Amino acid sequence: MSDNLPAIPGMNNGVASSTGSASSGLGFLALAGRTAKLAASALFLKEGMHLLRSHMQANATAAMRLAEMCGQAEVEPRFTSMIMDTSTALTGVAEASGEMVNAADAVDTDARGFNGAHEREYRSGYEASNGSGVRQGKPGFYRRTGRRR
């Protein structure tokens, strides 16, 4: 599924790249790219779980109908019981996939919220440092030295 994700700035072949150093992954675009990819992955997961849930619900309904027909045809009860158990298990999978949809939705919402907050907080500094023409320290350098804005 990851092959279907859109191209995201700051990403290099699916690996985050930094604005300062291609290997550190601490740059502004790298972090924005990783959170955007996380949000996109959550949406793909959510879509897949919706499909799984509808498929499992359809199969559970079909198994229930088959069990009822077996009961009417007086099929041996242990086989009818096994079909009913299958229907119950399929219903459980459908319900669990619904819970996964909720989790994926929460991840998507949180990733987008983080990305927005990160953008608001650091975009101006990123633009200023790139526009200055002066080579900047690697991401995280100023925190290590104790220098603050």
# chains A, B, ... in the order shown; residues from 1 in each chain; ligands from 1

$ residues_around --residues "A:Ala104" --least-positions-apart "2" --cutoff "10 Å" --atoms "only C-alpha atoms" --output "PyMOL selection string"
chain A and resi 38-39+41-47+49+98-102+106-110

$ write_last_selection --atoms "C-alpha atoms" --output "PDB file, in the first residue's frame"
ATOM      1  CA  LEU A  38       1.656   9.062   8.616  1.00  0.00           C
ATOM      2  CA  ALA A  39      -1.641  10.872   7.980  1.00  0.00           C
ATOM      3  CA  SER A  41      -1.087   5.958   5.673  1.00  0.00           C
ATOM      4  CA  ALA A  42      -3.827   6.290   8.281  1.00  0.00           C
ATOM      5  CA  LEU A  43      -6.293   7.257   5.558  1.00  0.00           C
ATOM      6  CA  PHE A  44      -5.293   4.228   3.452  1.00  0.00           C
ATOM      7  CA  LEU A  45      -5.677   1.999   6.520  1.00  0.00           C
ATOM      8  CA  LYS A  46      -9.076   3.515   7.263  1.00  0.00           C
ATOM      9  CA  GLU A  47     -10.224   2.885   3.697  1.00  0.00           C
ATOM     10  CA  MET A  49     -10.699  -1.354   7.145  1.00  0.00           C
ATOM     11  CA  GLY A  98     -14.585  -0.849  12.929  1.00  0.00           C
ATOM     12  CA  GLU A  99     -12.388  -0.243  15.976  1.00  0.00           C
ATOM     13  CA  MET A 100      -9.353  -0.060  13.672  1.00  0.00           C
ATOM     14  CA  VAL A 101     -11.162   2.577  11.605  1.00  0.00           C
ATOM     15  CA  ASN A 102     -11.613   4.642  14.770  1.00  0.00           C
ATOM     16  CA  ALA A 106      -7.512   9.307  15.500  1.00  0.00           C
ATOM     17  CA  VAL A 107      -3.986   8.876  14.094  1.00  0.00           C
ATOM     18  CA  ASP A 108      -4.920  10.869  10.995  1.00  0.00           C
ATOM     19  CA  THR A 109      -6.453  13.668  13.065  1.00  0.00           C
ATOM     20  CA  ASP A 110      -3.508  13.795  15.473  1.00  0.00           C
TER      21      ASP A 110
END

$ atom_distance --atom1 "atom CA of A:Asp105" --atom2 "atom CA of A:Leu52"
15.7 Å

$ closest_residue --among "A:His55, A:Arg34, A:Lys138, A:His50" --to "A:Phe114" --atoms "only C-alpha atoms"
A:Arg34

$ residues_around --residues "A:Arg123" --least-positions-apart "5" --cutoff "10 Å" --atoms "only C-alpha atoms" --output "MDAnalysis selection string"
chainID A and resid 28:29 117:118 128:129
